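Have a look at the structure below, then the notes.
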Amino acid sequence: MRFTKMHGLGNDYIFLNCMEGAPEDLPGLSRRLSDRHFGVGGDGIICVCPSNRADFKMRMFNADGSEGAMCGNGIRCFGKYVYDKGLTDKQHLAIETPAGERELSLFLQNGVVTGAAVGMGVPVLGGPVPLLLGGREYAAIPVSMGNPHAVVEADDPAALDLNALGPLAERHPAFPQPVNVEFVRVLNRRELQMRVWERGSGETLACGTGACAAAAAVMSRGKLDREAVVHLPGGDLSVRWEEKSGHMFMTGPAAAVFDGEIAG
């Protein structure tokens with residue numbers, strides 16, 4: 001079984017071509033391959049599958065084997081994979097995900113995809129939820145980007161112990177299901193600093209859906225313009241929230257790391 005390791009701002013995934021069928025036990029395969037000591041190493045696996053209603057279908061499994069509904073960094077890499085591997089010659093793609101169809105516009109340089117703009121859908125926001133984490137009370141804004149998020153403003157996200165706070169917030173009883181948690185600080189009207197704890201994977205260097213969720217939560221409170229840059233440990237993402245349509249758009253890079261072959 002051949003694979004391609006790819007990343008979007010350090011949020012890394014192991015891509016499998018499943019156009020002619022998927023391996024058995026994808027959750028178990030994701031746990032095994034994602035291990036950074038005994039496997040390939042990654043935040044999960046992404047399967048490139050055929051679709052009856054879109055150009056392709058994306059299935060994503062986190063490092064713990066749980067299946068995710070949507071992945072913003074992963075879907076940009078997905079677009080790069082299918083174009084660079086010759087599975088399509090389209091630069092505008094519709095990708096089926098469990099969260100619904102997502103539209104991609106690919107950016108090319110010398111015939112190779114370097115990034116993409118993604119239509120991320122309409123954010124759905126809830127009211128503030130009080131969270132007691134590590135003896136301190138925070139106010140979390142629930143946001144759905146097709147997958148669940150909780151956005152928490154913090155004075156200095158870089159100083160937080162996410163290994164301690166992340167698991168508490170991810171499975172906090174205030175939420176009906178585990179959530180991705182974004183700790184954010186507003187730098188100015190056009191910039192947002194963010195760290196993310198992804199459910200099923202832990203802290204990652206970037207999260208596309210999380211950047212959109214965080215921006216929507218802060219924009220909805222009038223603290224951020226509707227076009228902004230989200231600074232993550234792995235790099236920057238540009239987000240735009242259209243006021244008229246309500247749709248969120250995200251732009252960022254996609255990179256291939258290496259190809260390999262799994263034996264056994």
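Naming works like this for the structure tokens: A, B, ... for the chains as they're shown, residue 1 at the start of each chain, ligands 1 onward in shown order.
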task = Going by DSSP on the backbone, which bits of stretch 31-264 of chain A are helix (DSSP H, G or I)? Write them as a ChimeraX atom specification, please.
result = /A:31-34,72-84,157-159,162-170,208-220
Limited to N, CA and C atoms, could you put the picked residues into a file as a short mmCIF file (atom, residue, chain, number, x, y, z; two decimals), in the first residue's frame?
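again_8.cif, written as the output of this step:
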data_model
loop_
_atom_site.label_atom_id
_atom_site.label_comp_id
_atom_site.auth_asym_id
_atom_site.auth_seq_id
_atom_site.Cartn_x
_atom_site.Cartn_y
_atom_site.Cartn_z
N ARG A 31 -4.66 4.78 13.56
CA ARG A 31 -3.93 4.74 14.83
C ARG A 31 -2.51 4.24 14.62
N ARG A 32 -2.37 3.20 13.78
CA ARG A 32 -1.05 2.60 13.57
C ARG A 32 -0.13 3.53 12.77
N LEU A 33 -0.63 4.08 11.67
CA LEU A 33 0.21 4.89 10.82
C LEU A 33 0.52 6.25 11.42
N SER A 34 -0.39 6.79 12.23
CA SER A 34 -0.20 8.13 12.79
C SER A 34 0.84 8.15 13.90
N GLY A 72 -9.88 21.47 7.31
CA GLY A 72 -9.54 22.56 6.41
C GLY A 72 -8.15 22.45 5.82
N ASN A 73 -7.16 22.12 6.64
CA ASN A 73 -5.81 21.94 6.11
C ASN A 73 -5.73 20.69 5.25
N GLY A 74 -6.42 19.65 5.67
CA GLY A 74 -6.41 18.39 4.93
C GLY A 74 -7.05 18.52 3.56
N ILE A 75 -8.10 19.32 3.44
CA ILE A 75 -8.79 19.41 2.15
C ILE A 75 -7.97 20.21 1.14
N ARG A 76 -7.16 21.17 1.62
CA ARG A 76 -6.25 21.84 0.69
C ARG A 76 -5.22 20.85 0.15
N CYS A 77 -4.67 20.03 1.05
CA CYS A 77 -3.72 19.00 0.61
C CYS A 77 -4.41 17.97 -0.29
N PHE A 78 -5.67 17.69 -0.02
CA PHE A 78 -6.46 16.79 -0.85
C PHE A 78 -6.48 17.29 -2.30
N GLY A 79 -6.74 18.60 -2.46
CA GLY A 79 -6.75 19.18 -3.79
C GLY A 79 -5.41 19.06 -4.49
N LYS A 80 -4.35 19.29 -3.73
CA LYS A 80 -3.00 19.14 -4.29
C LYS A 80 -2.75 17.70 -4.70
N TYR A 81 -3.18 16.76 -3.86
CA TYR A 81 -2.94 15.34 -4.14
C TYR A 81 -3.60 14.93 -5.46
N VAL A 82 -4.89 15.22 -5.60
CA VAL A 82 -5.60 14.72 -6.78
C VAL A 82 -5.11 15.40 -8.06
N TYR A 83 -4.66 16.65 -7.97
CA TYR A 83 -4.16 17.33 -9.16
C TYR A 83 -2.74 16.88 -9.48
N ASP A 84 -1.87 16.91 -8.50
CA ASP A 84 -0.46 16.56 -8.75
C ASP A 84 -0.28 15.10 -9.13
N PRO A 157 -2.26 32.94 24.62
CA PRO A 157 -2.38 31.52 24.28
C PRO A 157 -1.05 30.78 24.32
N ALA A 158 0.05 31.45 23.98
CA ALA A 158 1.36 30.80 23.94
C ALA A 158 1.80 30.32 25.32
N ALA A 159 1.29 30.95 26.37
CA ALA A 159 1.71 30.60 27.73
C ALA A 159 0.87 29.48 28.35
N LEU A 162 -1.45 23.54 27.15
CA LEU A 162 -2.52 22.89 26.40
C LEU A 162 -2.61 21.40 26.68
N ASN A 163 -1.50 20.77 27.05
CA ASN A 163 -1.56 19.35 27.39
C ASN A 163 -2.43 19.10 28.62
N ALA A 164 -2.54 20.10 29.48
CA ALA A 164 -3.40 19.99 30.66
C ALA A 164 -4.82 20.47 30.37
N LEU A 165 -4.93 21.63 29.70
CA LEU A 165 -6.24 22.24 29.48
C LEU A 165 -7.00 21.59 28.33
N GLY A 166 -6.28 21.17 27.29
CA GLY A 166 -6.93 20.64 26.09
C GLY A 166 -7.85 19.47 26.35
N PRO A 167 -7.37 18.41 27.01
CA PRO A 167 -8.26 17.26 27.25
C PRO A 167 -9.47 17.61 28.11
N LEU A 168 -9.29 18.54 29.06
CA LEU A 168 -10.42 18.95 29.91
C LEU A 168 -11.50 19.65 29.08
N ALA A 169 -11.05 20.53 28.18
CA ALA A 169 -12.00 21.27 27.37
C ALA A 169 -12.63 20.39 26.29
N GLU A 170 -11.83 19.52 25.68
CA GLU A 170 -12.32 18.66 24.59
C GLU A 170 -13.53 17.84 25.03
N GLY A 208 -7.55 24.29 10.01
CA GLY A 208 -8.29 25.16 9.09
C GLY A 208 -9.70 25.45 9.55
N THR A 209 -10.44 24.41 9.94
CA THR A 209 -11.80 24.64 10.44
C THR A 209 -11.75 25.44 11.73
N GLY A 210 -10.70 25.18 12.54
CA GLY A 210 -10.56 25.92 13.80
C GLY A 210 -10.28 27.39 13.57
N ALA A 211 -9.45 27.71 12.57
CA ALA A 211 -9.17 29.11 12.25
C ALA A 211 -10.45 29.82 11.83
N CYS A 212 -11.27 29.14 11.04
CA CYS A 212 -12.55 29.73 10.61
C CYS A 212 -13.50 29.89 11.78
N ALA A 213 -13.57 28.87 12.64
CA ALA A 213 -14.44 28.95 13.81
C ALA A 213 -14.01 30.09 14.73
N ALA A 214 -12.70 30.19 14.98
CA ALA A 214 -12.19 31.24 15.85
C ALA A 214 -12.48 32.61 15.29
N ALA A 215 -12.22 32.78 13.99
CA ALA A 215 -12.48 34.07 13.36
C ALA A 215 -13.96 34.43 13.42
N ALA A 216 -14.83 33.45 13.15
CA ALA A 216 -16.27 33.72 13.19
C ALA A 216 -16.71 34.14 14.59
N ALA A 217 -16.20 33.46 15.62
CA ALA A 217 -16.59 33.78 16.99
C ALA A 217 -16.18 35.20 17.35
N VAL A 218 -14.98 35.59 16.98
CA VAL A 218 -14.49 36.93 17.33
C VAL A 218 -15.12 37.99 16.43
N MET A 219 -15.29 37.69 15.14
CA MET A 219 -15.96 38.63 14.23
C MET A 219 -17.39 38.90 14.67
N SER A 220 -18.08 37.86 15.13
CA SER A 220 -19.47 38.01 15.53
C SER A 220 -19.63 38.95 16.73
#
So that I can see what lies close to A:Gly119, please list as a PDB file with C-alpha atoms, in the first residue's frame the residues with an atom at most 7 Å from it, counting only C-alpha atoms and leaving out residues fewer than 2 positions away in the same chain.
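The result, stored in out_8.pdb:
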ATOM      1  CA  ARG A 102     -16.759  21.957  -0.180  1.00  0.00           C
ATOM      2  CA  GLU A 103     -15.488  23.974  -3.144  1.00  0.00           C
ATOM      3  CA  LEU A 104     -11.747  24.293  -3.845  1.00  0.00           C
ATOM      4  CA  ALA A 117      -8.891  28.691  -1.407  1.00  0.00           C
ATOM      5  CA  GLY A 121     -19.605  26.774   4.506  1.00  0.00           C
ATOM      6  CA  MET A 248     -16.637  31.559   5.243  1.00  0.00           C
ATOM      7  CA  PHE A 249     -13.632  31.258   2.929  1.00  0.00           C
ATOM      8  CA  MET A 250     -10.127  30.153   3.874  1.00  0.00           C
TER       9      MET A 250
END
inquiry  = Please list as an MDAnalysis selection string every residue within 12 Å of A:Ala263, counting only C-alpha atoms and excluding residues in the same chain fewer than 4 positions away.
reply    = chainID A and resid 1:3 33 39:40
Residue nearest A:Glu96 - candidates A:Thr4, A:Asp64, A:Val124, A:Pro50, atoms counted: only C-alpha atoms =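 So, comparing all the options, the nearest one is A:Pro50.
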query = What lies within 6 Å of A:Gly44 using only C-alpha atoms, ignoring chain neighbours under 5 positions off, as an MDAnalysis selection string?
reply = chainID A and resid 13 30 34 61:63
Output file for the selection above: N, CA and C atoms, as an mmCIF file, in the first residue's frame:
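Once everything was written out, this is out.cif:
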data_model
loop_
_atom_site.group_PDB
_atom_site.id
_atom_site.type_symbol
_atom_site.label_atom_id
_atom_site.label_comp_id
_atom_site.auth_asym_id
_atom_site.auth_seq_id
_atom_site.Cartn_x
_atom_site.Cartn_y
_atom_site.Cartn_z
ATOM 1 N N TYR A 13 -0.876 14.863 7.427
ATOM 2 C CA TYR A 13 -1.742 13.706 7.213
ATOM 3 C C TYR A 13 -1.103 12.734 6.231
ATOM 4 N N SER A 30 -5.390 4.160 10.921
ATOM 5 C CA SER A 30 -5.012 5.526 11.275
ATOM 6 C C SER A 30 -4.221 5.548 12.575
ATOM 7 N N SER A 34 -0.394 6.790 12.230
ATOM 8 C CA SER A 34 -0.196 8.127 12.791
ATOM 9 C C SER A 34 0.845 8.153 13.899
ATOM 10 N N PHE A 61 -9.538 10.441 9.171
ATOM 11 C CA PHE A 61 -9.523 9.781 10.471
ATOM 12 C C PHE A 61 -8.423 10.404 11.324
ATOM 13 N N ASN A 62 -8.777 10.769 12.551
ATOM 14 C CA ASN A 62 -7.814 11.361 13.471
ATOM 15 C C ASN A 62 -6.809 10.322 13.946
ATOM 16 N N ALA A 63 -5.797 10.794 14.658
ATOM 17 C CA ALA A 63 -4.739 9.906 15.132
ATOM 18 C C ALA A 63 -5.260 8.844 16.095
#
ask   = For A:His149, which of A:Glu242, A:Glu203, A:Asp25, A:Glu182 is the closest residue, counting only C-alpha atoms?
value =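 Answer, going by the shortest atom-to-atom distance: A:Glu182.
What separates atom CA of A:Pro233 from atom CA of A:Thr97 is a distance of 26.2 Å.
Each of A:Gly135, A:Pro130, A:Pro253, A:Gly260 was compared to A:Leu108 using only C-alpha atoms, and A:Pro253 turns out to be the nearest.
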ask   = Between A:Leu160, A:Val239, A:Ala69, A:Leu87, which one has atoms that come closest to A:Pro148, using only C-alpha atoms?
value = A:Ala69
query = In Å, with one decimal, what is the gap from atom CA of A:Phe107 to atom CA of A:Glu20?
reply =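 Atom CA of A:Glu20 lies at a distance of 27.2 Å from atom CA of A:Phe107.
Here the strand (DSSP E or B) residues in stretch 181-218 of chain A, by DSSP on the backbone, are Val181, Glu182, Phe183, Val184, Arg185, Val186, Leu187, Asn188, Glu191, Leu192, Gln193, Met194, Arg195, Val196, Trp197, Glu198, Gly202, Glu203 and Thr204 of chain A.
Straight-line separation from atom CA of A:Arg221 to atom CA of A:Trp197: 22.4 Å.
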inquiry  = Measuring between only C-alpha atoms, which one of A:Leu93, A:Arg190, A:Leu125, A:Gly202 shows the shortest distance to A:Asn147?
reply    = A:Leu125
ask   = Taking only C-alpha atoms into account, which of A:Gly28, A:Val122, A:Met58, A:Glu243 comes nearest A:Gly146?
value =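 Checking each candidate against A:Gly146, we get A:Val122 as the closest.
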